[in-house]
Amino acid sequence: MNGWKDFARIAFFAAAAALPAAVLAGSFEEGILVTDRAESLVLPGESVLVQPEESQHEEGLVVGPVSESLPAPEALSAPCEQCGTVGCTSCGPSRSAQAGGHAAGGYFSRLLRPANPRFVAQVDALMLWQGNIASRPLYTDNTTGLTALDVNEARPAMAAGPRYGLFLNLDDCYAIEGNYFNVRSFEGRRATPPTTAGYDMNNIAGLTWPQLDAAEVITSGQIQSAELNWRRRQCGLPITWLAGFRWVEWNQRLQVNDVYSVPAAGVDMVNVVTGNDLYGGQAGMDVGLWNRGGFLKVDAVGKAGIFYNTAFQRTDLPTEFVPLTADARAQQTAFFGELGVNSSLRLTKWLSWRAGYSLFWISGVAIPASQLSLVNQPAPNDVATINTNGSVLLHGVTTGLEARW
């Protein structure tokens with residue numbers, strides 16, 4: 001597919017991001033989320049990997065003396081570098097500020113504190129199906145009066161493409177995330193059985209030709225998305241909050257062909273192309289569903305936002321004399337949302353295999369089928385308006401690899 005040909009040409013959209021699984025964890029060790037808290041103190045979703053006694057005084061850790069008795073309450077407090085562990089007080093003031101002093105450098109002193117891993121890179125294959133295709137009759141059977149060909153009968157096949165993610169951990173609390181994906185072509189096709197003078201056209205770009213012998217509809221589409229998000233892990237809960245900027249592009253093409261032999265042989269062809277560019281802010285969360293410090297972890301992510309959409313539609317009617325073209329544009333608000341569940345299986349200290357399910361929903365966009373009744377090609381020519389009340393549902397499976405360093 002064309003989507004796979006782009007692998008070598010598509011660069012990472014953003015340099016930055018955080019670990020996608022928001023789980024309660026004190027630090028990263030060899031790619032595993034770990035905590036130095038006693039097992040009896042683990043909360044639901046907490047990563048469990050108790051450090052051995054001889055590692056209690058590793059560099060960067062602040063711990064009390066080893067004792068058989070329970071530690072004092074203040075010993076359960078975790079500094080910001082260990083945000084996400086049981087007993088963490090906050091991700092705000094530094095230790096010097098908590099002691100009554102002033103943190104050197106203020107807010108920016110938090111940037112690029114110790115984090116392990118510093119970077120996480122993900123490369124996934126998206127395999128998506130298009131759903132929610134609205135009905136729009138194109139041709140009718142002139143004997144029965146029933147619909148002979150509808151747009152939603154051209155069911156697009158699965159489309160595939162790459163998804164890239166790069167995460168920069170500023171520390172164990174804050175991170176920056178960049179993501180990009182490109183999936184095409186969502187190709188679908190449907191045709192009527194040949195029947196001499198058996199079909200009538202149903203107002204396609206102003207055309208209503210009768211007594212057609214056969215008809216065909218062809219569709220295709222492409223989605224691209226790039227985003228940059230700021231992430232913050234919630235202390236005491238397996239949740240990471242995120243907010244950022246996103247761009248989404250949804251382009252779609254619809255082609256309708258028919259042939260006739262009465263009163264003379266000929267061919268009709270109508271092409272409709274729509275495009276939508278969405279720009280705007282989004283917010284969401286990344287929730288750790290399962291992480292016990294072993295080889296497997298599962299998380300869910302949800303993002304949504306209201307976007308500014310610049311949309312267009314162009315309808316072409318090729319003829320043997322003069323090609324006829326009509327187009328229209330609009331600007332309005334649109335909605336884009338994403339839901340996903342992802343699992344990660346650790347293969348080595350730095351590499352994991354990923355698999356999951358993703359769903360994308362777009363509304364407030366122009367789609368070709370909604371434009372067919374808004375164009376009048378015969379007389380007067382080149383007159384068109386645009387409908388931006390369409391919606392698109394894409395869903396499917398993902399699989400790929402994750403590297404940490």
# chains A, B, ... in the order shown; residues from 1 in each chain; ligands from 1

call {"tool": "residues_around", "arguments": {"residues": "stretch 210-215 of chain A", "least_positions_apart": "4", "cutoff": "10 Å", "atoms": "only C-alpha atoms", "output": "PyMOL selection string"}}
result
chain A and resi 138-142+148-149+190-202+256-263+265-269

call {"tool": "residues_around", "arguments": {"residues": "A:Ala328", "least_positions_apart": "6", "cutoff": "12 Å", "atoms": "only C-alpha atoms", "output": "count of residues only"}}
result
21

call {"tool": "closest_atom_pairs", "arguments": {"of": "stretch 105-221 of chain A", "to": "stretch 398-404 of chain A", "cutoff": "9 Å", "atoms": "only C-alpha atoms", "output": "tab-separated table"}}
result
residue	atom	partner	partner_atom	distance
A:Asn116	CA	A:Arg404	CA	8.7
A:Pro117	CA	A:Arg404	CA	5.9
A:Arg118	CA	A:Arg404	CA	7.7
A:Phe119	CA	A:Arg404	CA	5.8
A:Val120	CA	A:Arg404	CA	4.6
A:Ala121	CA	A:Ala403	CA	5.2
A:Gln122	CA	A:Glu402	CA	4.4
A:Val123	CA	A:Gly400	CA	5.5
A:Asp124	CA	A:Gly400	CA	4.0
A:Ala125	CA	A:Thr399	CA	5.5
A:Leu126	CA	A:Thr398	CA	4.7
A:Met127	CA	A:Thr398	CA	6.2
A:Leu128	CA	A:Thr398	CA	8.5
A:Arg163	CA	A:Gly400	CA	9.0

call {"tool": "closest_residue", "arguments": {"among": "A:Ala334, A:Ala134, A:Ile362, A:Leu168", "to": "A:Trp250", "atoms": "only C-alpha atoms"}}
result
A:Ile362

call {"tool": "closest_residue", "arguments": {"among": "A:Phe186, A:Trp350, A:Tyr357, A:Tyr174", "to": "A:Leu254", "atoms": "only C-alpha atoms"}}
result
A:Phe186

call {"tool": "closest_residue", "arguments": {"among": "A:Leu170, A:Gly206, A:Gly165, A:Gly390", "to": "A:Ile367", "atoms": "only C-alpha atoms"}}
result
A:Gly390

call {"tool": "closest_residue", "arguments": {"among": "A:Ala154, A:Ile306, A:Val365, A:Val287", "to": "A:Gly340", "atoms": "only C-alpha atoms"}}
result
A:Val287

call {"tool": "closest_residue", "arguments": {"among": "A:Ile176, A:Ile204, A:Val270, A:Ile218", "to": "A:Thr240", "atoms": "only C-alpha atoms"}}
result
A:Ile176
